[in-house]
$ cat model-v7.pdb   # PDB, C-alpha atoms, pLDDT in the B column
ATOM      1  CA  MET A   1       4.010   1.446  -2.866  1.00 50.00           C
ATOM      2  CA  THR A   2       4.628   0.835  -6.525  1.00 51.00           C
ATOM      3  CA  ARG A   3       1.868   2.106  -8.763  1.00 55.00           C
ATOM      4  CA  LEU A   4       1.230   1.445 -12.426  1.00 53.00           C
ATOM      5  CA  THR A   5       0.900   4.876 -13.974  1.00 58.00           C
ATOM      6  CA  ARG A   6      -1.893   5.812 -16.315  1.00 62.00           C
ATOM      7  CA  ARG A   7       0.478   7.830 -18.479  1.00 71.00           C
ATOM      8  CA  THR A   8       0.592   5.052 -21.036  1.00 74.00           C
ATOM      9  CA  VAL A   9      -3.014   5.632 -22.137  1.00 75.00           C
ATOM     10  CA  PRO A  10      -2.648   9.344 -23.015  1.00 79.00           C
ATOM     11  CA  ALA A  11       0.771   8.732 -24.530  1.00 79.00           C
ATOM     12  CA  LEU A  12      -0.629   5.976 -26.737  1.00 82.00           C
ATOM     13  CA  ILE A  13      -3.569   8.120 -27.871  1.00 83.00           C
ATOM     14  CA  VAL A  14      -1.362  11.094 -28.713  1.00 85.00           C
ATOM     15  CA  ALA A  15       1.196   8.874 -30.468  1.00 87.00           C
ATOM     16  CA  LEU A  16      -1.483   7.199 -32.601  1.00 91.00           C
ATOM     17  CA  LEU A  17      -3.020  10.554 -33.563  1.00 90.00           C
ATOM     18  CA  LEU A  18       0.381  11.977 -34.514  1.00 89.00           C
ATOM     19  CA  LEU A  19       1.227   8.824 -36.469  1.00 93.00           C
ATOM     20  CA  ALA A  20      -2.058   8.990 -38.398  1.00 94.00           C
ATOM     21  CA  ALA A  21      -1.565  12.690 -39.179  1.00 91.00           C
ATOM     22  CA  SER A  22       2.039  12.194 -40.297  1.00 92.00           C
ATOM     23  CA  VAL A  23       1.130   9.203 -42.493  1.00 94.00           C
ATOM     24  CA  LEU A  24      -1.694  11.222 -44.089  1.00 91.00           C
ATOM     25  CA  VAL A  25       0.599  14.170 -44.804  1.00 90.00           C
ATOM     26  CA  GLY A  26       3.417  11.909 -46.038  1.00 92.00           C
ATOM     27  CA  VAL A  27       1.148   9.966 -48.400  1.00 92.00           C
ATOM     28  CA  SER A  28      -0.338  13.210 -49.713  1.00 90.00           C
ATOM     29  CA  CYS A  29       3.148  14.643 -50.344  1.00 91.00           C
ATOM     30  CA  VAL A  30       4.236  11.526 -52.237  1.00 93.00           C
ATOM     31  CA  GLN A  31       1.017  11.582 -54.275  1.00 91.00           C
ATOM     32  CA  THR A  32       1.547  15.268 -55.126  1.00 90.00           C
ATOM     33  CA  ILE A  33       5.141  14.610 -56.237  1.00 91.00           C
ATOM     34  CA  ALA A  34       3.989  11.622 -58.318  1.00 93.00           C
ATOM     35  CA  GLY A  35       1.309  13.710 -60.036  1.00 91.00           C
ATOM     36  CA  VAL A  36      -1.586  11.719 -58.571  1.00 91.00           C
ATOM     37  CA  PRO A  37      -4.514  13.535 -56.886  1.00 90.00           C
ATOM     38  CA  PRO A  38      -3.583  13.550 -53.176  1.00 90.00           C
ATOM     39  CA  LEU A  39      -5.728  12.316 -50.306  1.00 89.00           C
ATOM     40  CA  LEU A  40      -5.265  15.658 -48.573  1.00 85.00           C
ATOM     41  CA  ALA A  41      -5.470  18.604 -50.986  1.00 87.00           C
ATOM     42  CA  PHE A  42      -3.102  21.182 -49.523  1.00 86.00           C
ATOM     43  CA  ASP A  43      -4.404  24.106 -51.590  1.00 87.00           C
ATOM     44  CA  THR A  44      -8.032  23.443 -50.559  1.00 87.00           C
ATOM     45  CA  LEU A  45      -6.943  23.040 -46.953  1.00 84.00           C
ATOM     46  CA  GLY A  46      -5.073  26.360 -47.095  1.00 86.00           C
ATOM     47  CA  ARG A  47      -8.045  28.230 -48.606  1.00 88.00           C
ATOM     48  CA  THR A  48     -10.408  26.784 -46.000  1.00 86.00           C
ATOM     49  CA  ALA A  49      -8.093  27.754 -43.156  1.00 85.00           C
ATOM     50  CA  ALA A  50      -7.636  31.277 -44.538  1.00 89.00           C
ATOM     51  CA  SER A  51     -11.377  31.850 -44.876  1.00 90.00           C
ATOM     52  CA  SER A  52     -12.208  30.594 -41.340  1.00 88.00           C
ATOM     53  CA  THR A  53     -12.430  32.957 -38.379  1.00 89.00           C
ATOM     54  CA  LEU A  54     -12.301  32.290 -34.675  1.00 88.00           C
ATOM     55  CA  ALA A  55     -15.985  33.193 -34.379  1.00 89.00           C
ATOM     56  CA  ASP A  56     -17.134  30.406 -36.724  1.00 91.00           C
ATOM     57  CA  PRO A  57     -19.220  27.758 -34.912  1.00 92.00           C
ATOM     58  CA  ALA A  58     -17.189  24.910 -36.446  1.00 90.00           C
ATOM     59  CA  VAL A  59     -13.921  26.442 -35.197  1.00 90.00           C
ATOM     60  CA  LEU A  60     -15.376  27.012 -31.709  1.00 94.00           C
ATOM     61  CA  ALA A  61     -16.757  23.466 -31.533  1.00 96.00           C
ATOM     62  CA  ALA A  62     -13.455  21.941 -32.696  1.00 92.00           C
ATOM     63  CA  GLY A  63     -11.530  24.069 -30.199  1.00 92.00           C
ATOM     64  CA  GLY A  64     -13.830  23.099 -27.339  1.00 95.00           C
ATOM     65  CA  LEU A  65     -13.607  19.427 -28.267  1.00 94.00           C
ATOM     66  CA  LEU A  66      -9.815  19.554 -28.454  1.00 91.00           C
ATOM     67  CA  ALA A  67      -9.626  21.409 -25.120  1.00 94.00           C
ATOM     68  CA  LEU A  68     -11.855  18.762 -23.498  1.00 94.00           C
ATOM     69  CA  LEU A  69      -9.766  15.934 -24.976  1.00 87.00           C
ATOM     70  CA  GLY A  70      -6.590  17.635 -23.741  1.00 86.00           C
ATOM     71  CA  ALA A  71      -8.009  18.035 -20.235  1.00 90.00           C
ATOM     72  CA  VAL A  72      -9.040  14.366 -20.098  1.00 86.00           C
ATOM     73  CA  LEU A  73      -5.619  13.219 -21.340  1.00 82.00           C
ATOM     74  CA  LEU A  74      -3.879  15.497 -18.834  1.00 83.00           C
ATOM     75  CA  LEU A  75      -6.051  14.181 -15.998  1.00 83.00           C
ATOM     76  CA  CYS A  76      -5.270  10.586 -17.014  1.00 78.00           C
ATOM     77  CA  ALA A  77      -1.565  11.392 -17.070  1.00 76.00           C
ATOM     78  CA  LEU A  78      -1.529  13.026 -13.636  1.00 80.00           C
ATOM     79  CA  LEU A  79      -3.668  10.593 -11.631  1.00 78.00           C
ATOM     80  CA  PRO A  80      -1.867   7.617 -10.108  1.00 75.00           C
ATOM     81  CA  GLY A  81      -2.765   4.169 -11.302  1.00 73.00           C
ATOM     82  CA  ILE A  82      -3.894   1.155  -9.340  1.00 74.00           C
ATOM     83  CA  PRO A  83      -1.287  -0.010  -6.807  1.00 76.00           C
ATOM     84  CA  GLN A  84       0.388  -3.199  -8.003  1.00 81.00           C
ATOM     85  CA  VAL A  85       1.901  -3.957  -4.594  1.00 84.00           C
ATOM     86  CA  LEU A  86      -0.267  -3.883  -1.481  1.00 85.00           C
ATOM     87  CA  PRO A  87       1.521  -2.935   1.749  1.00 85.00           C
ATOM     88  CA  LEU A  88       1.719  -5.425   4.583  1.00 86.00           C
ATOM     89  CA  ALA A  89       1.245  -4.491   8.232  1.00 86.00           C
ATOM     90  CA  ALA A  90       4.334  -2.979   9.844  1.00 82.00           C
ATOM     91  CA  HIS A  91       6.185  -5.111  12.367  1.00 77.00           C
ATOM     92  CA  GLU A  92       8.903  -4.274  14.862  1.00 76.00           C
ATOM     93  CA  GLY A  93      12.137  -3.161  13.314  1.00 73.00           C
ATOM     94  CA  GLY A  94      10.416  -0.893  10.806  1.00 69.00           C
ATOM     95  CA  ALA A  95      10.753  -3.268   7.866  1.00 68.00           C
ATOM     96  CA  VAL A  96       8.430  -2.367   4.998  1.00 78.00           C
ATOM     97  CA  ALA A  97       7.075  -5.170   2.857  1.00 84.00           C
ATOM     98  CA  GLY A  98       4.345  -5.709   0.314  1.00 86.00           C
ATOM     99  CA  VAL A  99       2.561  -8.386  -1.638  1.00 89.00           C
ATOM    100  CA  ALA A 100       1.910  -8.329  -5.379  1.00 88.00           C
ATOM    101  CA  ARG A 101      -1.749  -7.916  -6.284  1.00 89.00           C
ATOM    102  CA  ASN A 102      -1.870 -10.803  -8.774  1.00 90.00           C
ATOM    103  CA  GLY A 103       0.079 -13.113  -6.431  1.00 93.00           C
ATOM    104  CA  LEU A 104      -2.373 -12.388  -3.627  1.00 93.00           C
ATOM    105  CA  ALA A 105      -5.292 -13.067  -5.996  1.00 95.00           C
ATOM    106  CA  ARG A 106      -3.865 -16.475  -6.976  1.00 95.00           C
ATOM    107  CA  ASP A 107      -3.207 -17.370  -3.337  1.00 95.00           C
ATOM    108  CA  LEU A 108      -6.696 -16.384  -2.196  1.00 95.00           C
ATOM    109  CA  ALA A 109      -8.270 -18.276  -5.124  1.00 95.00           C
ATOM    110  CA  ALA A 110      -6.394 -21.421  -4.079  1.00 95.00           C
ATOM    111  CA  HIS A 111      -7.695 -21.054  -0.529  1.00 94.00           C
ATOM    112  CA  ALA A 112     -11.239 -20.417  -1.746  1.00 94.00           C
ATOM    113  CA  ARG A 113     -11.121 -23.605  -3.855  1.00 93.00           C
ATOM    114  CA  ARG A 114     -10.297 -25.595  -0.693  1.00 92.00           C
ATOM    115  CA  ALA A 115     -13.752 -24.912   0.759  1.00 90.00           C
ATOM    116  CA  ASP A 116     -16.074 -27.924   0.552  1.00 90.00           C
ATOM    117  CA  GLY A 117     -18.345 -27.742  -2.491  1.00 89.00           C
ATOM    118  CA  VAL A 118     -16.237 -25.229  -4.461  1.00 92.00           C
ATOM    119  CA  THR A 119     -14.724 -26.369  -7.760  1.00 92.00           C
ATOM    120  CA  THR A 120     -13.595 -23.062  -9.256  1.00 93.00           C
ATOM    121  CA  ALA A 121     -12.707 -19.696  -7.781  1.00 94.00           C
ATOM    122  CA  ARG A 122     -11.770 -16.367  -9.333  1.00 95.00           C
ATOM    123  CA  VAL A 123     -10.437 -13.563  -7.157  1.00 96.00           C
ATOM    124  CA  SER A 124     -10.184  -9.906  -8.076  1.00 94.00           C
ATOM    125  CA  VAL A 125      -8.046  -7.766  -5.778  1.00 92.00           C
ATOM    126  CA  GLY A 126      -8.922  -4.088  -5.908  1.00 86.00           C
ATOM    127  CA  ALA A 127      -7.484  -1.190  -3.948  1.00 78.00           C
ATOM    128  CA  ARG A 128     -10.044  -1.572  -1.138  1.00 85.00           C
ATOM    129  CA  THR A 129     -12.186  -4.577  -2.083  1.00 92.00           C
ATOM    130  CA  ILE A 130     -11.495  -8.234  -2.775  1.00 94.00           C
ATOM    131  CA  ARG A 131     -14.128  -9.989  -4.889  1.00 96.00           C
ATOM    132  CA  VAL A 132     -14.351 -13.770  -4.850  1.00 96.00           C
ATOM    133  CA  THR A 133     -16.492 -15.599  -7.401  1.00 95.00           C
ATOM    134  CA  ALA A 134     -16.721 -19.278  -6.500  1.00 94.00           C
ATOM    135  CA  GLY A 135     -18.237 -21.936  -8.734  1.00 93.00           C
ATOM    136  CA  THR A 136     -20.045 -24.952  -7.335  1.00 92.00           C
ATOM    137  CA  PRO A 137     -21.840 -27.953  -8.846  1.00 91.00           C
ATOM    138  CA  LEU A 138     -24.234 -28.051  -5.880  1.00 87.00           C
ATOM    139  CA  ARG A 139     -27.849 -27.057  -6.428  1.00 87.00           C
ATOM    140  CA  ASP A 140     -28.256 -25.874  -2.853  1.00 86.00           C
ATOM    141  CA  HIS A 141     -25.358 -23.611  -2.085  1.00 83.00           C
ATOM    142  CA  SER A 142     -26.727 -22.041   1.076  1.00 87.00           C
ATOM    143  CA  GLY A 143     -23.941 -21.483   3.574  1.00 89.00           C
ATOM    144  CA  LEU A 144     -21.260 -21.973   0.944  1.00 92.00           C
ATOM    145  CA  ALA A 145     -20.550 -18.252   0.733  1.00 92.00           C
ATOM    146  CA  ASP A 146     -19.823 -18.248   4.467  1.00 93.00           C
ATOM    147  CA  LYS A 147     -17.396 -21.168   4.077  1.00 93.00           C
ATOM    148  CA  VAL A 148     -15.560 -19.378   1.261  1.00 94.00           C
ATOM    149  CA  ARG A 149     -15.546 -16.117   3.225  1.00 94.00           C
ATOM    150  CA  THR A 150     -14.097 -17.921   6.262  1.00 94.00           C
ATOM    151  CA  ALA A 151     -11.354 -19.579   4.176  1.00 93.00           C
ATOM    152  CA  VAL A 152     -10.362 -16.298   2.515  1.00 94.00           C
ATOM    153  CA  ASP A 153     -10.610 -14.321   5.768  1.00 93.00           C
ATOM    154  CA  THR A 154      -8.335 -16.832   7.479  1.00 93.00           C
ATOM    155  CA  ARG A 155      -5.727 -16.435   4.752  1.00 94.00           C
ATOM    156  CA  LEU A 156      -6.017 -12.641   4.811  1.00 93.00           C
ATOM    157  CA  ALA A 157      -5.424 -12.707   8.585  1.00 92.00           C
ATOM    158  CA  GLU A 158      -2.243 -14.718   7.960  1.00 92.00           C
ATOM    159  CA  VAL A 159      -1.052 -12.304   5.251  1.00 90.00           C
ATOM    160  CA  GLU A 160      -1.726  -9.236   7.455  1.00 88.00           C
ATOM    161  CA  LEU A 161      -2.355  -6.448   4.958  1.00 89.00           C
ATOM    162  CA  ALA A 162      -1.820  -2.907   6.234  1.00 87.00           C
ATOM    163  CA  ARG A 163      -5.431  -1.999   5.448  1.00 87.00           C
ATOM    164  CA  ALA A 164      -8.120  -4.631   5.821  1.00 87.00           C
ATOM    165  CA  PRO A 165     -10.064  -4.835   2.538  1.00 90.00           C
ATOM    166  CA  ARG A 166     -13.794  -5.453   2.165  1.00 94.00           C
ATOM    167  CA  LEU A 167     -14.531  -8.984   1.081  1.00 94.00           C
ATOM    168  CA  ARG A 168     -17.348  -9.772  -1.331  1.00 95.00           C
ATOM    169  CA  VAL A 169     -18.193 -13.395  -2.083  1.00 95.00           C
ATOM    170  CA  HIS A 170     -20.437 -14.465  -4.948  1.00 94.00           C
ATOM    171  CA  ILE A 171     -21.419 -18.087  -5.585  1.00 93.00           C
ATOM    172  CA  VAL A 172     -22.276 -19.171  -9.141  1.00 93.00           C
ATOM    173  CA  PRO A 173     -23.273 -22.549 -10.609  1.00 89.00           C
ATOM    174  CA  ASP A 174     -20.254 -24.336 -12.092  1.00 80.00           C
ATOM    175  CA  ARG A 175     -20.735 -24.801 -15.833  1.00 73.00           C
ATOM    176  CA  SER A 176     -18.107 -27.523 -16.149  1.00 63.00           C
ATOM    177  CA  ALA A 177     -20.024 -29.838 -13.790  1.00 55.00           C
ATOM    178  CA  ARG A 178     -23.084 -30.088 -16.036  1.00 54.00           C
TER     179      ARG A 178
END
$ encode --input "model-v7.pdb" --output "structure tokens"
Amino acid sequence: MTRLTRRTVPALIVALLLLAASVLVGVSCVQTIAGVPPLLAFDTLGRTAASSTLADPAVLAAGGLLALLGAVLLLCALLPGIPQVLPLAAHEGGAVAGVARNGLARDLAAHARRADGVTTARVSVGARTIRVTAGTPLRDHSGLADKVRTAVDTRLAEVELARAPRLRVHIVPDRSAR
């Protein structure tokens, strides 16, 4: 199924770091040409780099930090993202179909709002869990979670997802009813 890749996060971080470094170097070059003291003194930077060795603690710490950052960015780039389309159960004929995650969330929220005593409903569709947060103006909301669970379970049975998700229902007092 279609997955949203996580490659955008590492690409954005690397692009912003390269942009900041290039702006700093460009501004320093323009300041040097204009005769103004630059933000980044190239001669001081060169002397510091020439006097540093690989055994210096600052060089080792910076290298370790950069290696860790590189490993995290590489891991983020290689891992798949959250599936944006959930597969539906296969039927005869071998047709493959799916439902969009946000469309399913809106549909399930509409069905949760149809339960008696529920005024608002928010649904979060994860890879394996669906979380329903239903708002009610009722002071005694015992049994309401079961009604919402039944309404959402009925709709999920009609949709027929390939893998049955866990359903978590949470009832909260509705703030708009006060």
$ atom_distance --input "model-v7.pdb" --atom1 "CA of Arg101 in chain A" --atom2 "CA of Asp116 in chain A"
25.5 Å
$ resolve_selection --input "model-v7.pdb" --expression "the PyMOL selection byres ((chain A and resi 88) around 12)" --output "ChimeraX atom specification"
/A:1,85-87,89-91,94-101,104,156-165
$ write_last_selection --input "model-v7.pdb" --atoms "C-alpha atoms" --output "compact mmCIF listing (two decimals), in the coordinates of the input"
# COMPACT_ATOMS: atom_id res chain seq x y z
CA MET A 1 4.01 1.45 -2.87
CA VAL A 85 1.90 -3.96 -4.59
CA LEU A 86 -0.27 -3.88 -1.48
CA PRO A 87 1.52 -2.94 1.75
CA ALA A 89 1.25 -4.49 8.23
CA ALA A 90 4.33 -2.98 9.84
CA HIS A 91 6.18 -5.11 12.37
CA GLY A 94 10.42 -0.89 10.81
CA ALA A 95 10.75 -3.27 7.87
CA VAL A 96 8.43 -2.37 5.00
CA ALA A 97 7.08 -5.17 2.86
CA GLY A 98 4.34 -5.71 0.31
CA VAL A 99 2.56 -8.39 -1.64
CA ALA A 100 1.91 -8.33 -5.38
CA ARG A 101 -1.75 -7.92 -6.28
CA LEU A 104 -2.37 -12.39 -3.63
CA LEU A 156 -6.02 -12.64 4.81
CA ALA A 157 -5.42 -12.71 8.59
CA GLU A 158 -2.24 -14.72 7.96
CA VAL A 159 -1.05 -12.30 5.25
CA GLU A 160 -1.73 -9.24 7.46
CA LEU A 161 -2.36 -6.45 4.96
CA ALA A 162 -1.82 -2.91 6.23
CA ARG A 163 -5.43 -2.00 5.45
CA ALA A 164 -8.12 -4.63 5.82
CA PRO A 165 -10.06 -4.84 2.54
$ atom_distance --input "model-v7.pdb" --atom1 "CA of Leu138 in chain A" --atom2 "CA of Arg168 in chain A"
20.1 Å
$ residues_near_point --input "model-v7.pdb" --point "(-12.1, -14.4, -0.7)" --cutoff "10 Å" --atoms "all atoms listed in the file" --output "PyMOL selection string"
chain A and resi 105+107-113+121-125+129-134+145+147-156+166-170
$ closest_residue --input "model-v7.pdb" --among "A:Ala49, A:Val30, A:Ala115, A:Val172" --to "Pro137 in chain A" --atoms "all atoms listed in the file"
A:Val172
$ closest_residue --input "model-v7.pdb" --among "A:Leu54, A:Ala62, A:Leu69, A:Val118" --to "Gly135 in chain A" --atoms "only C-alpha atoms"
A:Val118
$ atom_distance --input "model-v7.pdb" --atom1 "CA of Thr120 in chain A" --atom2 "CA of Ile171 in chain A"
10.0 Å
$ closest_residue --input "model-v7.pdb" --among "A:Gly64, A:Pro173, A:Leu78, A:Arg47" --to "Arg139 in chain A" --atoms "only C-alpha atoms"
A:Pro173
$ closest_residue --input "model-v7.pdb" --among "A:Pro10, A:Arg175, A:Gly63, A:Thr119" --to "Leu79 in chain A" --atoms "all atoms listed in the file"
A:Pro10
$ axis_aligned_box --input "model-v7.pdb" --around "range 86-97 of chain A" --padding-each-side "8 Å" --output "JSON"
{"center_x": 5.9, "center_y": -3.2, "center_z": 6.7, "size_x": 28.4, "size_y": 20.5, "size_z": 32.3}
$ resolve_selection --input "model-v7.pdb" --expression "the PyMOL selection byres ((chain A and resi 13) around 12)" --output "ChimeraX atom specification"
/A:6-12,14-20,69-70,72-74,76-77
$ closest_residue --input "model-v7.pdb" --among "A:Ala50, A:Ala41, A:Ile82, A:Ala58" --to "Val25 in chain A" --atoms "all atoms listed in the file"
A:Ala41
$ build_atoms --input "model-v7.pdb" --residues "range 130-148 of chain A" --atoms "N, CA, C and O atoms" --output "compact mmCIF listing (two decimals), in the frame of the given file"
# COMPACT_ATOMS: atom_id res chain seq x y z
N ILE A 130 -11.86 -6.95 -2.18
CA ILE A 130 -11.50 -8.23 -2.78
C ILE A 130 -12.79 -8.94 -3.14
O ILE A 130 -13.67 -9.12 -2.29
N ARG A 131 -12.92 -9.31 -4.41
CA ARG A 131 -14.13 -9.99 -4.89
C ARG A 131 -13.79 -11.44 -5.21
O ARG A 131 -12.88 -11.70 -5.99
N VAL A 132 -14.54 -12.34 -4.62
CA VAL A 132 -14.35 -13.77 -4.85
C VAL A 132 -15.59 -14.29 -5.55
O VAL A 132 -16.70 -14.12 -5.06
N THR A 133 -15.40 -14.94 -6.69
CA THR A 133 -16.49 -15.60 -7.40
C THR A 133 -16.18 -17.09 -7.40
O THR A 133 -15.22 -17.53 -8.03
N ALA A 134 -16.96 -17.85 -6.66
CA ALA A 134 -16.72 -19.28 -6.50
C ALA A 134 -17.78 -20.06 -7.27
O ALA A 134 -18.97 -19.74 -7.20
N GLY A 135 -17.33 -21.08 -7.99
CA GLY A 135 -18.24 -21.94 -8.73
C GLY A 135 -18.46 -23.24 -8.00
O GLY A 135 -17.54 -23.81 -7.41
N THR A 136 -19.70 -23.71 -8.03
CA THR A 136 -20.05 -24.95 -7.34
C THR A 136 -21.01 -25.77 -8.19
O THR A 136 -21.86 -25.22 -8.88
N PRO A 137 -20.88 -27.10 -8.14
CA PRO A 137 -21.84 -27.95 -8.85
C PRO A 137 -23.10 -28.21 -8.02
O PRO A 137 -24.05 -28.81 -8.51
N LEU A 138 -23.10 -27.78 -6.77
CA LEU A 138 -24.23 -28.05 -5.88
C LEU A 138 -25.44 -27.21 -6.26
O LEU A 138 -25.31 -26.04 -6.61
N ARG A 139 -26.62 -27.82 -6.17
CA ARG A 139 -27.85 -27.06 -6.43
C ARG A 139 -28.19 -26.16 -5.25
O ARG A 139 -28.59 -25.03 -5.42
N ASP A 140 -28.00 -26.66 -4.06
CA ASP A 140 -28.26 -25.87 -2.85
C ASP A 140 -26.91 -25.38 -2.32
O ASP A 140 -26.14 -26.16 -1.75
N HIS A 141 -26.64 -24.13 -2.54
CA HIS A 141 -25.36 -23.61 -2.08
C HIS A 141 -25.53 -22.62 -0.94
O HIS A 141 -24.78 -21.67 -0.79
N SER A 142 -26.54 -22.88 -0.10
CA SER A 142 -26.73 -22.04 1.08
C SER A 142 -25.61 -22.36 2.07
O SER A 142 -25.27 -23.51 2.31
N GLY A 143 -25.03 -21.33 2.62
CA GLY A 143 -23.94 -21.48 3.57
C GLY A 143 -22.57 -21.61 2.94
O GLY A 143 -21.55 -21.53 3.62
N LEU A 144 -22.54 -21.82 1.62
CA LEU A 144 -21.26 -21.97 0.94
C LEU A 144 -20.49 -20.65 0.89
O LEU A 144 -19.26 -20.63 1.03
N ALA A 145 -21.21 -19.56 0.75
CA ALA A 145 -20.55 -18.25 0.73
C ALA A 145 -19.84 -17.98 2.06
O ALA A 145 -18.74 -17.42 2.08
N ASP A 146 -20.45 -18.43 3.16
CA ASP A 146 -19.82 -18.25 4.47
C ASP A 146 -18.56 -19.09 4.60
O ASP A 146 -17.57 -18.65 5.18
N LYS A 147 -18.59 -20.32 4.05
CA LYS A 147 -17.40 -21.17 4.08
C LYS A 147 -16.26 -20.53 3.29
O LYS A 147 -15.11 -20.52 3.73
N VAL A 148 -16.59 -20.02 2.10
CA VAL A 148 -15.56 -19.38 1.26
C VAL A 148 -15.05 -18.12 1.95
O VAL A 148 -13.83 -17.87 2.01
